[in-house]
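Chemist: I'd like to ask you about the structure that follows.
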Amino acid sequence: MFKKLLIIMVFIQNCYYAQTHISGVVVDEYNKPIENVNIFIDGTLFGTSSDQKGVFAFEAESDKLGQFKIIFQKDGYDHGEEEYKVKPGEMNLGKTTLYKGRTTGIEGISIIKGKKNGDGQLSALSPLDLILTPNSLGDVMAAVIKSYPGVQLNPNDGRLFVRGGDQNESAVMINNMLMSSPFGTAGPSIPARSRFSPMIFSGVSFATSGFSSEYGQALSSILSLNTKSNDVDKELEMSVKSVGADVSMTNKINDNLTLMTKVEYLNLKPYRAVFPSRYHWNKDYNMTGGELAATYKIKNGYIKSYNRFDYTTFDYQRDDIAISNNMVNTVLYEGNIYSNQTINLNLDKVKFFSGIAYNFNKRNIAGIFSENDRSKVDNNMLHIKSQLSFTPVKNLNSTFGVEFINVHYFIDYADGNNTKNRLDRSIDNNVIAFFSENSYKFKKGFSLNAGIRQDYYSYTKDVKISPRIRGEYKSPNGIKYSLYYGQYYQSPRNGDLVFDFKSNLKSERAEQYGVNIYYEKNNRTIFVDAFKKKYSDLTKFVYAPNSRQPINFNNDGYGYAEGVDVFFYDKKTFNNFDYRISYTYLNSKRDYQNYPTLATPPFYSRHNLTVNTQFWLNAVNSMVGLSYLFSSGEPYTNPNSKDGFQNSRIKPYNSVNLNLTYLFSNKFYIHGSVSNIFNFKNIAGYNYGDLQSNGMRQEQMILPVSDRFYFLGVFYTIGGSKSTKDKVKDL
């Protein structure tokens, strides 16, 4: 039984808090008690879990009377929520009913106020985790990469590389709808950053294996984010940071409508004046963005809207001997718009979901492949999706759905150094998919989830059918054992399709299977997953003589990835201290793109380890985070060494990172962080120039923009129902 998450409220400063004892019982639609349901007051640490009889009870405190929302949450059930008046004394909520929900395969482990439940997959980041994970700098993707197994550490890239897959094999969903450009465009040796503001989301789900047939166009993983739907009355949040500033406002317009708006501005020029980088910046990284999110309650459901725009520019000079003996000037102008509208309905015994999303991305960039190249790229996507979920018989949950994806991609590329490097072309690729997912729970802890998906790709003119199945057994001692198998298909990269003038390419394929165990008890979690992935039909090509134009496209590429993911989380052993450890062993090789042979790709290392810790210093009203990142070194081709492709490895990557959050008051705090505090000299790779008189090629190390990064932010809140201490401790 989950006792009080916090015995003593930290940082009480001359305030009187009224005690409220909250109790009740949770049952399913058949009036049977449900155990291990997470019950908590939204936006606070107050909560507990139900026992074997569905009964729960916990204490709550409040410095003022008002409305609050209680959330009822359990994996496999639709989440429930009710609003109540805060009343000191006893509050018996009576009987609360939760209904069986459909299994998507990505809910995974939900860390809610320190409590976890799971079906063998990891999904455990709260919005504050995204900010407070050391060295994540509030980036959703960085926090995922630096927290969980299966994800490769590529500090100089910043995008998702999962279980042997490249950066194009992971799909990002917002409110269950696809986003085609989740990362901002970055120049060489500058890590990409995701576009998302973490505080607008209620959390992150991350699936690396066995995800549902509902999700296509992803060979390796699904990252799913859901916008908040909580009601906050007139809260204004402002922050001034070492890299920019932002202001956001959340307001409950009426009983049905809640709006959240945000504007932000990032400019690294003042930061570089204090902490110079290795590059000369004509115009430093500069981004202006805004967000508008809304939740509108309707009868039997709700409508959500999420909209974002951003405009990014930079202009810098870099030394790259592989391109030129002169300084290469790289310039970017990028605009991005994303709009997402969804509706969820609970119609008695049928649940209905539908949504539409549009992503417009336009960028002009120069100085990437040569000192005189330029390109204009439009990458636009439309996604429409609908599905029905229902329970035809007891213990069986079924989902049927259809989706449509349209991608329009245009590129105008020219190289002033070589007139053969010229392209002006666009493509349109439509994907029409039908999917079905069925989950059945047997007696004595057994369950089976089976699904099938059919995709039609208009550009490559092929139809693919992908079955997926997952079996699970929960033993009496609480250990969950899972077996899974699935086939996954994805269109070739837009950049490959636009060069494939003869339309030779077909869809790429991955087949994945594995076994995992999951155990959670007393605020400790152990997760181990052994997996095998086989790639086939990967895109292959060669470069035309004296040109960077790819030709002779085919689907002869193949590869494999195999390994073990380990995750351990402990919030029990030490008071006011928790830590999570993730480790991945990966053996991966592939022959694709212009590879001459089967080889380990340059974006993968065999061993990856992350350790993240957080602990409270009550005496000084502060939280301290410390992390360690390790990667065993990625392969590269050294023409001065022995013959062969990918014949050498860079030295291992190491970084120890620190952050500190100090609370001045309930509405005012500062947050600071330092990456790589021991100043490890990490290398991203090597460039090689022309042959010298000694028969060797000139060698140049590729180093990060800077060895360390410092961050300092001041945050202030006006209004709202939650104090800063609740937000900072809401992990």
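If you're wondering about the labels, chains in the structure tokens are A, B, ... by order shown, residues count from 1 in each chain, ligands from 1 in order shown.
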Using only C-alpha atoms, determine which residues lie at most 8 Å from Asp462 in chain A, disregarding the query and same-chain residues fewer than 6 positions distant; provide the list as a PyMOL selection string.
Modeler: chain A and resi 456+506-507
Chemist: Would you mind writing down, as a PyMOL selection string, each residue of range 115-331 of chain A that DSSP on the backbone assigns to alpha helix (DSSP H)?
Modeler: chain A and resi 127-132+140-145+269-274
Chemist: Do you know which residues are at most 12 Å from Val564 in chain A counting only C-alpha atoms, after dropping those on the same chain fewer than 3 positions away, and could you put them as a list in words?
Modeler: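 That gives Pro149, Gly150, Val151, Arg163, Thr208, Ser209, Gly514, Val515, Asn516, Ile517, Phe527, Val528, Asp529, Ala530, Phe531, Lys532, Lys533, Ala561, Phe567, Ser582, Tyr583, Thr584, Tyr585, Leu586, Asn587, Ser588, Arg606, His607 and Asn608 of chain A.
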Chemist: Please dump the current selection as a PDB file, in the first residue's frame; keep N, CA and C atoms.
Modeler:
```
ATOM      1  N   PRO A 149      17.083   3.492 -21.115  1.00  0.00           N
ATOM      2  CA  PRO A 149      17.859   2.582 -21.967  1.00  0.00           C
ATOM      3  C   PRO A 149      17.263   2.473 -23.357  1.00  0.00           C
ATOM      4  N   GLY A 150      18.070   1.968 -24.272  1.00  0.00           N
ATOM      5  CA  GLY A 150      17.636   1.802 -25.647  1.00  0.00           C
ATOM      6  C   GLY A 150      17.948   2.988 -26.521  1.00  0.00           C
ATOM      7  N   VAL A 151      18.274   4.147 -25.915  1.00  0.00           N
ATOM      8  CA  VAL A 151      18.546   5.370 -26.665  1.00  0.00           C
ATOM      9  C   VAL A 151      20.047   5.631 -26.652  1.00  0.00           C
ATOM     10  N   ARG A 163      17.835   1.689 -30.502  1.00  0.00           N
ATOM     11  CA  ARG A 163      18.007   0.260 -30.760  1.00  0.00           C
ATOM     12  C   ARG A 163      18.475  -0.050 -32.179  1.00  0.00           C
ATOM     13  N   THR A 208       9.973   1.412 -26.950  1.00  0.00           N
ATOM     14  CA  THR A 208      11.057   0.969 -27.819  1.00  0.00           C
ATOM     15  C   THR A 208      10.811  -0.424 -28.374  1.00  0.00           C
ATOM     16  N   SER A 209       9.759  -1.094 -27.927  1.00  0.00           N
ATOM     17  CA  SER A 209       9.544  -2.469 -28.381  1.00  0.00           C
ATOM     18  C   SER A 209       8.076  -2.840 -28.251  1.00  0.00           C
ATOM     19  N   GLY A 514      11.440 -10.051 -28.606  1.00  0.00           N
ATOM     20  CA  GLY A 514      12.219 -10.027 -27.380  1.00  0.00           C
ATOM     21  C   GLY A 514      11.420 -10.488 -26.182  1.00  0.00           C
ATOM     22  N   VAL A 515      12.055 -10.388 -25.032  1.00  0.00           N
ATOM     23  CA  VAL A 515      11.443 -10.785 -23.769  1.00  0.00           C
ATOM     24  C   VAL A 515      11.872  -9.786 -22.709  1.00  0.00           C
ATOM     25  N   ASN A 516      10.953  -9.430 -21.826  1.00  0.00           N
ATOM     26  CA  ASN A 516      11.339  -8.538 -20.743  1.00  0.00           C
ATOM     27  C   ASN A 516      10.665  -8.936 -19.446  1.00  0.00           C
ATOM     28  N   ILE A 517      11.241  -8.463 -18.357  1.00  0.00           N
ATOM     29  CA  ILE A 517      10.660  -8.644 -17.035  1.00  0.00           C
ATOM     30  C   ILE A 517      10.542  -7.275 -16.375  1.00  0.00           C
ATOM     31  N   PHE A 527      13.559  -3.184 -14.509  1.00  0.00           N
ATOM     32  CA  PHE A 527      13.101  -3.498 -15.862  1.00  0.00           C
ATOM     33  C   PHE A 527      14.281  -4.017 -16.666  1.00  0.00           C
ATOM     34  N   VAL A 528      14.135  -5.206 -17.265  1.00  0.00           N
ATOM     35  CA  VAL A 528      15.178  -5.798 -18.101  1.00  0.00           C
ATOM     36  C   VAL A 528      14.526  -6.284 -19.389  1.00  0.00           C
ATOM     37  N   ASP A 529      15.088  -5.910 -20.524  1.00  0.00           N
ATOM     38  CA  ASP A 529      14.522  -6.266 -21.822  1.00  0.00           C
ATOM     39  C   ASP A 529      15.641  -6.746 -22.737  1.00  0.00           C
ATOM     40  N   ALA A 530      15.545  -8.007 -23.180  1.00  0.00           N
ATOM     41  CA  ALA A 530      16.482  -8.555 -24.159  1.00  0.00           C
ATOM     42  C   ALA A 530      15.781  -8.590 -25.513  1.00  0.00           C
ATOM     43  N   PHE A 531      16.418  -8.052 -26.546  1.00  0.00           N
ATOM     44  CA  PHE A 531      15.731  -7.875 -27.813  1.00  0.00           C
ATOM     45  C   PHE A 531      16.626  -8.246 -28.993  1.00  0.00           C
ATOM     46  N   LYS A 532      15.966  -8.515 -30.117  1.00  0.00           N
ATOM     47  CA  LYS A 532      16.635  -8.774 -31.386  1.00  0.00           C
ATOM     48  C   LYS A 532      15.834  -8.084 -32.477  1.00  0.00           C
ATOM     49  N   LYS A 533      16.512  -7.371 -33.356  1.00  0.00           N
ATOM     50  CA  LYS A 533      15.857  -6.676 -34.451  1.00  0.00           C
ATOM     51  C   LYS A 533      16.569  -7.022 -35.755  1.00  0.00           C
ATOM     52  N   ALA A 561      20.170  -5.570 -35.074  1.00  0.00           N
ATOM     53  CA  ALA A 561      20.509  -4.956 -33.786  1.00  0.00           C
ATOM     54  C   ALA A 561      20.047  -5.917 -32.698  1.00  0.00           C
ATOM     55  N   PHE A 567      16.950  -1.090 -16.572  1.00  0.00           N
ATOM     56  CA  PHE A 567      16.526   0.145 -15.917  1.00  0.00           C
ATOM     57  C   PHE A 567      16.234  -0.153 -14.452  1.00  0.00           C
ATOM     58  N   SER A 582      20.125   3.571 -15.958  1.00  0.00           N
ATOM     59  CA  SER A 582      19.778   2.856 -17.184  1.00  0.00           C
ATOM     60  C   SER A 582      21.052   2.470 -17.921  1.00  0.00           C
ATOM     61  N   TYR A 583      21.007   1.270 -18.501  1.00  0.00           N
ATOM     62  CA  TYR A 583      22.168   0.745 -19.223  1.00  0.00           C
ATOM     63  C   TYR A 583      21.675  -0.007 -20.454  1.00  0.00           C
ATOM     64  N   THR A 584      22.385   0.150 -21.555  1.00  0.00           N
ATOM     65  CA  THR A 584      22.084  -0.586 -22.778  1.00  0.00           C
ATOM     66  C   THR A 584      23.350  -1.202 -23.338  1.00  0.00           C
ATOM     67  N   TYR A 585      23.280  -2.506 -23.583  1.00  0.00           N
ATOM     68  CA  TYR A 585      24.306  -3.177 -24.384  1.00  0.00           C
ATOM     69  C   TYR A 585      23.728  -3.380 -25.775  1.00  0.00           C
ATOM     70  N   LEU A 586      24.451  -2.951 -26.801  1.00  0.00           N
ATOM     71  CA  LEU A 586      23.943  -3.024 -28.164  1.00  0.00           C
ATOM     72  C   LEU A 586      25.015  -3.518 -29.117  1.00  0.00           C
ATOM     73  N   ASN A 587      24.652  -4.526 -29.888  1.00  0.00           N
ATOM     74  CA  ASN A 587      25.486  -4.996 -30.987  1.00  0.00           C
ATOM     75  C   ASN A 587      24.685  -4.765 -32.264  1.00  0.00           C
ATOM     76  N   SER A 588      25.123  -3.820 -33.085  1.00  0.00           N
ATOM     77  CA  SER A 588      24.335  -3.427 -34.248  1.00  0.00           C
ATOM     78  C   SER A 588      25.223  -3.224 -35.460  1.00  0.00           C
ATOM     79  N   ARG A 606      28.685   0.497 -28.264  1.00  0.00           N
ATOM     80  CA  ARG A 606      28.227  -0.779 -27.702  1.00  0.00           C
ATOM     81  C   ARG A 606      27.642  -0.623 -26.305  1.00  0.00           C
ATOM     82  N   HIS A 607      28.207   0.267 -25.501  1.00  0.00           N
ATOM     83  CA  HIS A 607      27.751   0.422 -24.114  1.00  0.00           C
ATOM     84  C   HIS A 607      27.313   1.859 -23.869  1.00  0.00           C
ATOM     85  N   ASN A 608      26.132   2.008 -23.276  1.00  0.00           N
ATOM     86  CA  ASN A 608      25.625   3.325 -22.887  1.00  0.00           C
ATOM     87  C   ASN A 608      25.067   3.240 -21.473  1.00  0.00           C
TER      88      ASN A 608
END
```
Chemist: Can you pull out every residue within 7 Å of Thr610 in chain A, counting only C-alpha atoms, but drop anything in the same chain fewer than 3 positions away, and send it as number ranges by chain?
Modeler: A: 146-147, 581-583, 628-630
Chemist: Those same residues, written as an mmCIF file, in the first residue's frame with N, CA, C and O atoms?
Modeler:
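Output saved as part25.cif:
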```
data_model
loop_
_atom_site.group_PDB
_atom_site.id
_atom_site.type_symbol
_atom_site.label_atom_id
_atom_site.label_comp_id
_atom_site.auth_asym_id
_atom_site.auth_seq_id
_atom_site.Cartn_x
_atom_site.Cartn_y
_atom_site.Cartn_z
ATOM 1 N N LYS A 146 18.819 11.070 -21.994
ATOM 2 C CA LYS A 146 19.709 10.998 -20.843
ATOM 3 C C LYS A 146 19.070 10.326 -19.638
ATOM 4 O O LYS A 146 19.565 10.464 -18.530
ATOM 5 N N SER A 147 17.983 9.583 -19.875
ATOM 6 C CA SER A 147 17.292 8.954 -18.760
ATOM 7 C C SER A 147 17.041 7.467 -18.949
ATOM 8 O O SER A 147 17.027 6.728 -17.967
ATOM 9 N N ILE A 581 18.937 4.411 -12.828
ATOM 10 C CA ILE A 581 20.096 3.937 -13.575
ATOM 11 C C ILE A 581 19.595 3.223 -14.816
ATOM 12 O O ILE A 581 18.717 2.360 -14.731
ATOM 13 N N SER A 582 20.125 3.571 -15.958
ATOM 14 C CA SER A 582 19.778 2.856 -17.184
ATOM 15 C C SER A 582 21.052 2.470 -17.921
ATOM 16 O O SER A 582 22.030 3.223 -17.956
ATOM 17 N N TYR A 583 21.007 1.270 -18.501
ATOM 18 C CA TYR A 583 22.168 0.745 -19.223
ATOM 19 C C TYR A 583 21.675 -0.007 -20.454
ATOM 20 O O TYR A 583 20.663 -0.717 -20.403
ATOM 21 N N TYR A 628 25.477 11.211 -14.446
ATOM 22 C CA TYR A 628 26.685 10.750 -15.126
ATOM 23 C C TYR A 628 26.266 10.070 -16.423
ATOM 24 O O TYR A 628 25.365 9.224 -16.437
ATOM 25 N N LEU A 629 26.899 10.449 -17.526
ATOM 26 C CA LEU A 629 26.622 9.873 -18.833
ATOM 27 C C LEU A 629 27.887 9.229 -19.371
ATOM 28 O O LEU A 629 28.976 9.807 -19.308
ATOM 29 N N PHE A 630 27.738 8.011 -19.924
ATOM 30 C CA PHE A 630 28.891 7.288 -20.478
ATOM 31 C C PHE A 630 28.486 6.601 -21.774
ATOM 32 O O PHE A 630 27.423 5.983 -21.860
#
```
Chemist: So which residues touch Gly486 in chain A within 6 Å, counting only C-alpha atoms, skipping near sequence neighbours fewer than 6 positions away, as a PyMOL selection string?
Modeler: chain A and resi 467-468+511-512
Chemist: If we count only C-alpha atoms, what is near Gly290 in chain A at a cut-off of 10 Å, once residues fewer than 4 positions away on the same chain are taken out, given as a list in words?
Modeler: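 So the residues in contact are Ser197, Asp246, Val247, Ser248, Thr261, Lys262, Val263, Glu264, Tyr265, Asn307, Arg308, Phe309, Asp310, Tyr311 and Ile337 of chain A.
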Chemist: Find the residues near Ser354 in chain A: any atom within 10 Å, counting only C-alpha atoms, skip ones fewer than 2 places away on the same chain, and give them as a PyMOL selection string.
Modeler: chain A and resi 176-177+303+341-345+352+356+384-388+401-403
Chemist: Would you mind exporting N, CA and C atoms of the selected residues as a PDB file, in the first residue's frame?
Modeler:
```pdb
ATOM      1  N   ASN A 176      -1.616  11.902 -29.439  1.00  0.00           N
ATOM      2  CA  ASN A 176      -1.844  10.733 -30.287  1.00  0.00           C
ATOM      3  C   ASN A 176      -1.824  11.046 -31.781  1.00  0.00           C
ATOM      4  N   MET A 177      -1.301  12.223 -32.159  1.00  0.00           N
ATOM      5  CA  MET A 177      -1.199  12.613 -33.562  1.00  0.00           C
ATOM      6  C   MET A 177       0.263  12.890 -33.912  1.00  0.00           C
ATOM      7  N   ILE A 303     -12.469  18.098 -26.089  1.00  0.00           N
ATOM      8  CA  ILE A 303     -11.745  18.467 -27.302  1.00  0.00           C
ATOM      9  C   ILE A 303     -10.446  19.143 -26.884  1.00  0.00           C
ATOM     10  N   GLN A 341      -5.616  19.076 -33.555  1.00  0.00           N
ATOM     11  CA  GLN A 341      -6.956  19.156 -32.977  1.00  0.00           C
ATOM     12  C   GLN A 341      -7.478  17.725 -32.793  1.00  0.00           C
ATOM     13  N   THR A 342      -7.934  17.391 -31.591  1.00  0.00           N
ATOM     14  CA  THR A 342      -8.416  16.040 -31.325  1.00  0.00           C
ATOM     15  C   THR A 342      -9.708  16.078 -30.519  1.00  0.00           C
ATOM     16  N   ILE A 343     -10.466  14.999 -30.614  1.00  0.00           N
ATOM     17  CA  ILE A 343     -11.688  14.841 -29.836  1.00  0.00           C
ATOM     18  C   ILE A 343     -11.719  13.437 -29.253  1.00  0.00           C
ATOM     19  N   ASN A 344     -12.082  13.334 -27.976  1.00  0.00           N
ATOM     20  CA  ASN A 344     -12.241  12.059 -27.281  1.00  0.00           C
ATOM     21  C   ASN A 344     -13.660  11.978 -26.734  1.00  0.00           C
ATOM     22  N   LEU A 345     -14.363  10.892 -27.045  1.00  0.00           N
ATOM     23  CA  LEU A 345     -15.728  10.687 -26.574  1.00  0.00           C
ATOM     24  C   LEU A 345     -15.846   9.335 -25.905  1.00  0.00           C
ATOM     25  N   PHE A 352     -14.547   6.780 -28.653  1.00  0.00           N
ATOM     26  CA  PHE A 352     -14.239   7.284 -29.982  1.00  0.00           C
ATOM     27  C   PHE A 352     -13.145   8.339 -29.889  1.00  0.00           C
ATOM     28  N   ILE A 356      -6.884  15.578 -36.247  1.00  0.00           N
ATOM     29  CA  ILE A 356      -6.242  16.066 -37.463  1.00  0.00           C
ATOM     30  C   ILE A 356      -5.044  16.917 -37.046  1.00  0.00           C
ATOM     31  N   ILE A 384      -4.553  12.551 -40.492  1.00  0.00           N
ATOM     32  CA  ILE A 384      -5.946  12.401 -40.059  1.00  0.00           C
ATOM     33  C   ILE A 384      -6.117  10.987 -39.515  1.00  0.00           C
ATOM     34  N   LYS A 385      -6.792  10.878 -38.379  1.00  0.00           N
ATOM     35  CA  LYS A 385      -6.885   9.573 -37.717  1.00  0.00           C
ATOM     36  C   LYS A 385      -8.194   9.460 -36.952  1.00  0.00           C
ATOM     37  N   SER A 386      -8.826   8.283 -37.018  1.00  0.00           N
ATOM     38  CA  SER A 386     -10.041   8.003 -36.254  1.00  0.00           C
ATOM     39  C   SER A 386     -10.011   6.554 -35.785  1.00  0.00           C
ATOM     40  N   GLN A 387     -10.612   6.319 -34.615  1.00  0.00           N
ATOM     41  CA  GLN A 387     -10.648   4.956 -34.106  1.00  0.00           C
ATOM     42  C   GLN A 387     -11.773   4.777 -33.096  1.00  0.00           C
ATOM     43  N   LEU A 388     -12.220   3.532 -32.983  1.00  0.00           N
ATOM     44  CA  LEU A 388     -13.260   3.131 -32.038  1.00  0.00           C
ATOM     45  C   LEU A 388     -12.713   2.044 -31.135  1.00  0.00           C
ATOM     46  N   GLY A 401      -9.278   1.149 -36.299  1.00  0.00           N
ATOM     47  CA  GLY A 401      -9.024   2.525 -36.708  1.00  0.00           C
ATOM     48  C   GLY A 401      -8.524   2.639 -38.127  1.00  0.00           C
ATOM     49  N   VAL A 402      -8.524   3.882 -38.596  1.00  0.00           N
ATOM     50  CA  VAL A 402      -8.029   4.205 -39.931  1.00  0.00           C
ATOM     51  C   VAL A 402      -7.274   5.526 -39.835  1.00  0.00           C
ATOM     52  N   GLU A 403      -6.223   5.676 -40.641  1.00  0.00           N
ATOM     53  CA  GLU A 403      -5.502   6.941 -40.664  1.00  0.00           C
ATOM     54  C   GLU A 403      -4.986   7.241 -42.067  1.00  0.00           C
TER      55      GLU A 403
END
```
Chemist: Have a look at CA of Asn340 in chain A and CA of Val144 in chain A and let me know their distance in Å, one decimal.
Modeler: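 CA of Asn340 in chain A sits 22.6 Å away from CA of Val144 in chain A.
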Chemist: Separation of CA of Ile432 in chain A and CA of Asn406 in chain A, in Å?
Modeler: 8.9 Å
